[in-house]
$ cat my_file_12.csv   # CSV, C-alpha atoms
chain,number,residue,atom,x,y,z
U,1,MET,CA,146.2,4.2,94.5
U,2,LYS,CA,143.5,5.9,92.4
U,3,ALA,CA,144.0,6.4,88.7
U,4,VAL,CA,141.9,9.0,86.9
U,5,VAL,CA,141.7,8.5,83.2
U,6,THR,CA,140.4,11.4,81.1
U,7,VAL,CA,139.3,10.5,77.5
U,8,MET,CA,138.6,13.2,75.0
U,9,LEU,CA,138.0,13.2,71.3
U,10,LYS,CA,141.1,14.2,69.4
U,11,ASP,CA,141.2,17.8,68.0
U,12,GLY,CA,139.6,17.8,64.6
U,13,VAL,CA,137.2,15.0,65.4
U,14,LEU,CA,133.6,16.3,65.2
U,15,ASP,CA,132.0,16.4,68.7
U,16,PRO,CA,128.2,16.6,68.3
U,17,GLN,CA,127.6,16.1,72.0
U,18,GLY,CA,129.9,19.1,72.8
U,19,ARG,CA,128.2,21.2,70.2
U,20,ALA,CA,124.8,20.4,71.5
U,21,ILE,CA,125.9,21.4,75.0
U,22,GLY,CA,127.3,24.7,73.6
U,23,HIS,CA,124.0,25.4,71.9
U,24,ALA,CA,122.0,24.6,75.0
U,25,LEU,CA,124.2,26.9,77.1
U,26,THR,CA,123.7,29.8,74.7
U,27,ASN,CA,120.0,29.1,74.6
U,28,LEU,CA,119.9,29.2,78.4
U,29,GLY,CA,121.3,32.8,78.2
U,30,PHE,CA,125.0,32.2,78.9
U,31,ALA,CA,127.0,34.6,76.7
U,32,GLY,CA,130.6,34.2,75.3
U,33,VAL,CA,130.5,30.5,75.0
U,34,GLY,CA,133.1,29.3,72.5
U,35,GLU,CA,134.0,25.7,71.6
U,36,VAL,CA,132.7,23.0,73.9
U,37,ARG,CA,134.2,19.5,74.0
U,38,ALA,CA,132.7,16.6,75.9
U,39,GLY,CA,134.7,13.6,77.2
U,40,LYS,CA,134.7,10.8,79.7
U,41,VAL,CA,136.5,10.5,83.0
U,42,ILE,CA,137.0,7.1,84.7
U,43,GLU,CA,138.3,6.8,88.2
U,44,ILE,CA,139.8,3.4,89.0
U,45,THR,CA,140.8,2.2,92.4
U,46,LEU,CA,143.9,0.0,92.1
U,47,ASP,CA,145.5,-2.3,94.7
U,48,GLU,CA,148.9,-1.2,93.3
U,49,THR,CA,150.9,0.9,95.7
U,50,ASP,CA,153.7,2.1,93.4
U,51,PRO,CA,152.7,5.3,91.5
U,52,ALA,CA,154.8,4.4,88.4
U,53,ALA,CA,153.4,0.9,88.2
U,54,ALA,CA,149.8,2.3,88.7
U,55,ARG,CA,150.4,4.8,85.9
U,56,ALA,CA,151.6,2.0,83.5
U,57,THR,CA,148.6,-0.1,84.4
U,58,ALA,CA,146.1,2.7,83.9
U,59,GLU,CA,147.7,3.6,80.5
U,60,ALA,CA,147.5,0.0,79.4
U,61,MET,CA,143.8,0.0,80.5
U,62,ALA,CA,143.1,3.2,78.6
U,63,ALA,CA,144.8,1.9,75.4
U,64,LYS,CA,143.1,-1.5,75.6
U,65,LEU,CA,139.6,-0.6,76.7
U,66,LEU,CA,138.8,2.9,77.8
U,67,ALA,CA,139.8,4.9,74.8
U,68,ASN,CA,139.4,4.4,71.0
U,69,PRO,CA,142.9,5.4,69.8
U,70,VAL,CA,141.6,6.2,66.3
U,71,ILE,CA,139.5,9.2,67.5
U,72,GLU,CA,140.2,9.6,71.2
U,73,SER,CA,143.2,10.7,73.3
U,74,PHE,CA,143.6,10.0,77.0
U,75,ALA,CA,145.5,11.4,80.0
U,76,VAL,CA,146.2,9.5,83.2
U,77,GLU,CA,146.5,11.1,86.6
U,78,ILE,CA,147.6,9.1,89.6
U,79,LYS,CA,146.3,10.0,93.1
U,80,PRO,CA,147.3,8.4,96.4
O,1,MET,CA,139.7,31.1,79.5
O,2,LYS,CA,138.9,27.4,79.5
O,3,ALA,CA,136.6,25.9,82.1
O,4,VAL,CA,136.9,22.2,82.7
O,5,VAL,CA,133.8,20.8,84.5
O,6,THR,CA,134.0,17.3,85.8
O,7,VAL,CA,130.7,15.6,86.7
O,8,MET,CA,130.7,12.4,88.8
O,9,LEU,CA,127.9,10.4,90.4
O,10,LYS,CA,127.7,11.1,94.1
O,11,ASP,CA,129.1,8.5,96.5
O,12,GLY,CA,126.5,6.0,97.2
O,13,VAL,CA,124.7,6.3,93.9
O,14,LEU,CA,124.9,3.1,91.9
O,15,ASP,CA,127.2,3.4,88.9
O,16,PRO,CA,126.4,0.6,86.5
O,17,GLN,CA,128.7,2.0,83.8
O,18,GLY,CA,131.6,2.1,86.2
O,19,ARG,CA,130.8,-1.4,87.4
O,20,ALA,CA,130.7,-2.7,83.8
O,21,ILE,CA,134.1,-1.1,83.1
O,22,GLY,CA,135.5,-2.8,86.2
O,23,HIS,CA,134.3,-6.2,85.2
O,24,ALA,CA,135.6,-5.7,81.6
O,25,LEU,CA,139.0,-4.7,83.0
O,26,THR,CA,139.1,-7.8,85.2
O,27,ASN,CA,138.0,-10.0,82.3
O,28,LEU,CA,140.8,-8.5,80.2
O,29,GLY,CA,143.3,-9.8,82.8
O,30,PHE,CA,144.0,-6.7,84.8
O,31,ALA,CA,144.5,-7.7,88.5
O,32,GLY,CA,143.8,-5.6,91.6
O,33,VAL,CA,141.0,-3.5,90.1
O,34,GLY,CA,138.8,-2.1,92.9
O,35,GLU,CA,135.9,0.3,92.5
O,36,VAL,CA,135.5,2.0,89.2
O,37,ARG,CA,133.4,5.2,88.8
O,38,ALA,CA,132.6,6.7,85.4
O,39,GLY,CA,131.8,10.4,84.9
O,40,LYS,CA,131.8,13.2,82.3
O,41,VAL,CA,134.2,16.0,81.6
O,42,ILE,CA,133.1,19.1,79.6
O,43,GLU,CA,135.7,21.6,78.4
O,44,ILE,CA,134.1,25.0,77.7
O,45,THR,CA,136.0,27.8,76.0
O,46,LEU,CA,134.8,31.1,77.4
O,47,ASP,CA,135.3,34.7,76.2
O,48,GLU,CA,135.6,35.7,79.9
O,49,THR,CA,139.1,36.8,80.8
O,50,ASP,CA,138.7,37.1,84.6
O,51,PRO,CA,139.4,33.7,86.3
O,52,ALA,CA,136.9,34.3,89.2
O,53,ALA,CA,134.1,35.3,86.8
O,54,ALA,CA,134.9,32.4,84.5
O,55,ARG,CA,134.6,30.0,87.5
O,56,ALA,CA,131.3,31.6,88.6
O,57,THR,CA,129.9,31.2,85.1
O,58,ALA,CA,131.1,27.6,84.8
O,59,GLU,CA,129.6,26.7,88.2
O,60,ALA,CA,126.3,28.2,87.1
O,61,MET,CA,126.4,26.2,83.9
O,62,ALA,CA,127.1,23.0,85.8
O,63,ALA,CA,124.3,23.6,88.3
O,64,LYS,CA,121.8,24.6,85.6
O,65,LEU,CA,122.6,22.2,82.7
O,66,LEU,CA,125.7,19.9,83.0
O,67,ALA,CA,125.0,18.1,86.3
O,68,ASN,CA,121.9,16.7,87.9
O,69,PRO,CA,122.3,17.9,91.5
O,70,VAL,CA,120.2,15.1,92.9
O,71,ILE,CA,122.6,12.3,91.9
O,72,GLU,CA,125.7,14.1,90.6
O,73,SER,CA,128.4,16.4,92.0
O,74,PHE,CA,130.7,18.5,89.9
O,75,ALA,CA,134.1,20.2,90.1
O,76,VAL,CA,135.2,23.2,88.1
O,77,GLU,CA,138.8,23.9,87.0
O,78,ILE,CA,139.8,27.1,85.3
O,79,LYS,CA,142.7,27.1,82.8
O,80,PRO,CA,144.1,30.1,81.0
$ encode --input "my_file_12.csv" --output "C-alpha coordinates"
Amino acid sequence: MKAVVTVMLKDGVLDPQGRAIGHALTNLGFAGVGEVRAGKVIEITLDETDPAAARATAEAMAAKLLANPVIESFAVEIKP
Amino acid sequence: MKAVVTVMLKDGVLDPQGRAIGHALTNLGFAGVGEVRAGKVIEITLDETDPAAARATAEAMAAKLLANPVIESFAVEIKP
(Lines of atoms letter the chains of each structure in order from A and count residues from 1; the text may use other names and numbers.)
(Lines give C-alpha, C1' and ligand atoms only; values in the text may rest on other atoms or scores of the structure.)
Protein backbone atom coordinates (compact mmCIF):
# COMPACT_ATOMS: atom_id res chain seq x y z
CA MET A 1 0.00 0.00 0.00
CA LYS A 2 1.00 3.59 -0.43
CA ALA A 3 0.48 6.13 2.35
CA VAL A 4 0.38 9.81 1.48
CA VAL A 5 1.03 12.03 4.50
CA THR A 6 0.28 15.73 4.06
CA VAL A 7 1.80 18.02 6.69
CA MET A 8 0.62 21.62 6.96
CA LEU A 9 1.29 24.36 9.46
CA LYS A 10 -1.65 24.77 11.82
CA ASP A 11 -4.01 27.68 11.25
CA GLY A 12 -2.69 30.71 13.05
CA VAL A 13 0.96 29.70 12.71
CA LEU A 14 2.83 32.24 10.61
CA ASP A 15 3.85 30.76 7.25
CA PRO A 16 6.63 32.90 5.75
CA GLN A 17 7.19 30.47 2.87
CA GLY A 18 3.53 30.63 1.88
CA ARG A 19 3.56 34.40 2.16
CA ALA A 20 6.64 34.65 -0.05
CA ILE A 21 4.98 32.44 -2.68
CA GLY A 22 1.87 34.65 -2.53
CA HIS A 23 3.92 37.79 -3.08
CA ALA A 24 5.84 36.16 -5.93
CA LEU A 25 2.60 35.11 -7.65
CA THR A 26 1.21 38.64 -7.37
CA ASN A 27 4.47 40.07 -8.72
CA LEU A 28 4.26 37.66 -11.66
CA GLY A 29 0.92 39.21 -12.58
CA PHE A 30 -1.55 36.72 -11.10
CA ALA A 31 -4.56 38.63 -9.76
CA GLY A 32 -6.90 37.65 -6.92
CA VAL A 33 -4.37 35.69 -4.91
CA GLY A 34 -5.45 35.38 -1.28
CA GLU A 35 -3.79 33.43 1.49
CA VAL A 36 -1.12 30.92 0.45
CA ARG A 37 -0.01 28.08 2.73
CA ALA A 38 2.95 25.83 2.02
CA GLY A 39 3.29 22.30 3.34
CA LYS A 40 4.96 18.98 2.77
CA VAL A 41 3.73 15.77 1.26
CA ILE A 42 5.45 12.44 1.90
CA GLU A 43 4.56 9.33 -0.10
CA ILE A 44 5.56 6.13 1.68
CA THR A 45 5.39 2.71 0.08
CA LEU A 46 4.55 0.13 2.76
CA ASP A 47 4.71 -3.67 2.63
CA GLU A 48 1.51 -3.70 4.72
CA THR A 49 -1.52 -4.96 2.74
CA ASP A 50 -4.31 -4.08 5.20
CA PRO A 51 -5.54 -0.48 4.68
CA ALA A 52 -6.47 0.05 8.35
CA ALA A 53 -3.08 -1.19 9.56
CA ALA A 54 -1.31 0.90 6.92
CA ARG A 55 -3.22 3.99 8.09
CA ALA A 56 -2.31 3.32 11.73
CA THR A 57 1.36 2.89 10.78
CA ALA A 58 1.40 6.06 8.70
CA GLU A 59 -0.26 8.04 11.51
CA ALA A 60 2.35 6.79 13.97
CA MET A 61 5.12 7.78 11.49
CA ALA A 62 3.63 11.24 11.11
CA ALA A 63 3.24 11.76 14.85
CA LYS A 64 6.75 10.48 15.59
CA LEU A 65 8.85 11.88 12.74
CA LEU A 66 7.12 13.62 9.85
CA ALA A 67 5.16 16.36 11.63
CA ASN A 68 5.95 18.64 14.54
CA PRO A 69 2.70 18.40 16.54
CA VAL A 70 3.30 21.76 18.21
CA ILE A 71 2.93 23.76 14.99
CA GLU A 72 1.90 21.26 12.31
CA SER A 73 -1.12 19.10 11.59
CA PHE A 74 -1.15 16.12 9.27
CA ALA A 75 -3.58 14.10 7.17
CA VAL A 76 -3.06 10.53 5.99
CA GLU A 77 -4.46 9.09 2.78
CA ILE A 78 -4.09 5.40 1.93
CA LYS A 79 -3.85 4.26 -1.68
CA PRO A 80 -3.69 0.69 -2.96
CA MET B 1 -11.97 28.80 -4.49
CA LYS B 2 -9.00 27.00 -3.06
CA ALA B 3 -6.38 25.41 -5.31
CA VAL B 4 -4.15 22.70 -3.89
CA VAL B 5 -0.99 22.21 -5.97
CA THR B 6 1.06 19.11 -5.19
CA VAL B 7 4.61 19.13 -6.55
CA MET B 8 6.62 15.90 -6.61
CA LEU B 9 9.96 14.99 -8.10
CA LYS B 10 9.50 13.02 -11.32
CA ASP B 11 10.00 9.27 -11.23
CA GLY B 12 13.64 8.50 -11.76
CA VAL B 13 14.88 11.73 -10.22
CA LEU B 14 16.95 10.99 -7.13
CA ASP B 15 15.13 12.10 -3.97
CA PRO B 16 17.67 12.39 -1.14
CA GLN B 17 15.13 13.91 1.25
CA GLY B 18 12.74 11.01 0.72
CA ARG B 19 15.57 8.54 1.15
CA ALA B 20 16.65 10.18 4.41
CA ILE B 21 13.08 10.00 5.72
CA GLY B 22 12.92 6.31 4.76
CA HIS B 23 16.13 5.56 6.63
CA ALA B 24 14.96 7.52 9.67
CA LEU B 25 11.67 5.60 9.74
CA THR B 26 13.50 2.27 9.57
CA ASN B 27 15.88 3.39 12.32
CA LEU B 28 12.87 4.35 14.46
CA GLY B 29 11.69 0.73 14.25
CA PHE B 30 9.07 0.91 11.50
CA ALA B 31 9.23 -2.28 9.44
CA GLY B 32 8.30 -2.78 5.80
CA VAL B 33 9.14 0.72 4.62
CA GLY B 34 9.72 0.79 0.87
CA GLU B 35 10.38 3.80 -1.30
CA VAL B 36 9.71 7.22 0.23
CA ARG B 37 9.22 10.34 -1.91
CA ALA B 38 9.03 13.84 -0.49
CA GLY B 39 7.23 16.71 -2.16
CA LYS B 40 5.57 20.04 -1.58
CA VAL B 41 1.96 21.06 -1.31
CA ILE B 42 0.82 24.65 -1.80
CA GLU B 43 -2.71 25.75 -0.90
CA ILE B 44 -3.73 28.94 -2.69
CA THR B 45 -6.91 30.84 -1.94
CA LEU B 46 -8.18 32.45 -5.15
CA ASP B 47 -10.86 35.11 -5.65
CA GLU B 48 -11.89 33.21 -8.82
CA THR B 49 -15.31 31.52 -8.44
CA ASP B 50 -15.33 29.39 -11.61
CA PRO B 51 -13.67 25.99 -10.97
CA ALA B 52 -12.37 25.62 -14.54
CA ALA B 53 -10.82 29.09 -14.52
CA ALA B 54 -9.36 28.47 -11.06
CA ARG B 55 -7.76 25.25 -12.31
CA ALA B 56 -6.30 27.00 -15.36
CA THR B 57 -4.88 29.75 -13.14
CA ALA B 58 -3.40 27.26 -10.67
CA GLU B 59 -1.83 25.24 -13.49
CA ALA B 60 -0.25 28.39 -14.90
CA MET B 61 1.07 29.27 -11.42
CA ALA B 62 2.54 25.80 -11.02
CA ALA B 63 4.17 25.84 -14.46
CA LYS B 64 5.57 29.35 -13.98
CA LEU B 65 6.65 29.39 -10.34
CA LEU B 66 5.78 26.47 -8.10
CA ALA B 67 7.31 23.54 -9.97
CA ASN B 68 10.53 23.08 -11.89
CA PRO B 69 9.28 21.27 -15.02
CA VAL B 70 12.69 19.73 -15.69
CA ILE B 71 12.65 17.56 -12.56
CA GLU B 72 9.21 18.01 -11.00
CA SER B 73 5.64 17.18 -11.92
CA PHE B 74 2.57 18.75 -10.38
CA ALA B 75 -1.09 17.99 -9.81
CA VAL B 76 -3.83 20.57 -9.19
CA GLU B 77 -6.93 19.96 -7.10
CA ILE B 78 -9.69 22.57 -6.86
CA LYS B 79 -11.80 22.86 -3.72
CA PRO B 80 -14.77 25.15 -3.14
$ residues_around --input "my_file_12.csv" --residues "Leu65 (chain O)" --least-positions-apart "3" --cutoff "9 Å" --atoms "only C-alpha atoms" --output "mmCIF file with C-alpha atoms, in the coordinates of the input"
data_model
loop_
_atom_site.group_PDB
_atom_site.id
_atom_site.type_symbol
_atom_site.label_atom_id
_atom_site.label_comp_id
_atom_site.auth_asym_id
_atom_site.auth_seq_id
_atom_site.Cartn_x
_atom_site.Cartn_y
_atom_site.Cartn_z
ATOM 1 C CA ILE U 21 125.900 21.400 75.000
ATOM 2 C CA ALA U 24 122.000 24.600 75.000
ATOM 3 C CA LEU U 25 124.200 26.900 77.100
ATOM 4 C CA LEU U 28 119.900 29.200 78.400
ATOM 5 C CA ALA O 60 126.300 28.200 87.100
ATOM 6 C CA MET O 61 126.400 26.200 83.900
ATOM 7 C CA ALA O 62 127.100 23.000 85.800
ATOM 8 C CA ASN O 68 121.900 16.700 87.900
#
$ closest_residue --input "my_file_12.csv" --among "U:Ala58, U:Val70, U:Ala63, U:Ile42" --to "chain O" --atoms "only C-alpha atoms"
U:Ile42
$ closest_atom_pairs --input "my_file_12.csv" --of "chain U" --to "chain O" --cutoff "10 Å" --atoms "only C-alpha atoms" --output "Markdown table"
| residue | atom | partner | partner_atom | distance |
| --- | --- | --- | --- | --- |
| U:Met1 | CA | O:Gly34 | CA | 9.8 |
| U:Lys2 | CA | O:Gly34 | CA | 9.3 |
| U:Ala3 | CA | O:Val36 | CA | 9.6 |
| U:Val4 | CA | O:Arg37 | CA | 9.5 |
| U:Val5 | CA | O:Ala38 | CA | 9.5 |
| U:Thr6 | CA | O:Val41 | CA | 7.7 |
| U:Val7 | CA | O:Val41 | CA | 8.5 |
| U:Met8 | CA | O:Val41 | CA | 8.4 |
| U:Gln17 | CA | O:Ile42 | CA | 9.8 |
| U:Gly18 | CA | O:Ile42 | CA | 7.5 |
| U:Ile21 | CA | O:Leu66 | CA | 8.1 |
| U:Gly22 | CA | O:Ile44 | CA | 7.9 |
| U:Ala24 | CA | O:Leu65 | CA | 8.1 |
| U:Leu25 | CA | O:Met61 | CA | 7.2 |
| U:Leu28 | CA | O:Leu65 | CA | 8.6 |
| U:Phe30 | CA | O:Met61 | CA | 7.9 |
| U:Ala31 | CA | O:Asp47 | CA | 8.3 |
| U:Gly32 | CA | O:Asp47 | CA | 4.8 |
| U:Val33 | CA | O:Leu46 | CA | 5.0 |
| U:Gly34 | CA | O:Thr45 | CA | 4.8 |
| U:Glu35 | CA | O:Thr45 | CA | 5.3 |
| U:Val36 | CA | O:Ile44 | CA | 4.5 |
| U:Arg37 | CA | O:Glu43 | CA | 5.1 |
| U:Ala38 | CA | O:Ile42 | CA | 4.5 |
| U:Gly39 | CA | O:Val41 | CA | 5.0 |
| U:Lys40 | CA | O:Lys40 | CA | 4.6 |
| U:Val41 | CA | O:Gly39 | CA | 5.1 |
| U:Ile42 | CA | O:Ala38 | CA | 4.5 |
| U:Glu43 | CA | O:Arg37 | CA | 5.2 |
| U:Ile44 | CA | O:Val36 | CA | 4.5 |
| U:Thr45 | CA | O:Gly34 | CA | 4.8 |
| U:Leu46 | CA | O:Val33 | CA | 5.0 |
| U:Asp47 | CA | O:Gly32 | CA | 4.8 |
| U:Glu48 | CA | O:Gly32 | CA | 6.9 |
| U:Thr57 | CA | O:Phe30 | CA | 8.1 |
| U:Ala58 | CA | O:Phe30 | CA | 9.7 |
| U:Ala60 | CA | O:Phe30 | CA | 9.3 |
| U:Met61 | CA | O:Leu25 | CA | 7.2 |
| U:Ala62 | CA | O:Leu25 | CA | 9.9 |
| U:Lys64 | CA | O:Leu28 | CA | 8.7 |
| U:Leu65 | CA | O:Leu25 | CA | 7.5 |
| U:Leu66 | CA | O:Ile21 | CA | 8.1 |
$ atom_distance --input "my_file_12.csv" --atom1 "CA of Arg55 (chain U)" --atom2 "CA of Ile78 (chain O)"
24.7 Å
$ residues_around --input "my_file_12.csv" --residues "Lys10 (chain U)" --least-positions-apart "4" --cutoff "7 Å" --atoms "only C-alpha atoms" --output "ChimeraX atom specification"
/U:71-73
$ atom_distance --input "my_file_12.csv" --atom1 "CA of Gly29 (chain O)" --atom2 "CA of Lys79 (chain U)"
22.5 Å
$ atom_distance --input "my_file_12.csv" --atom1 "CA of Ala56 (chain O)" --atom2 "CA of Phe74 (chain O)"
13.2 Å
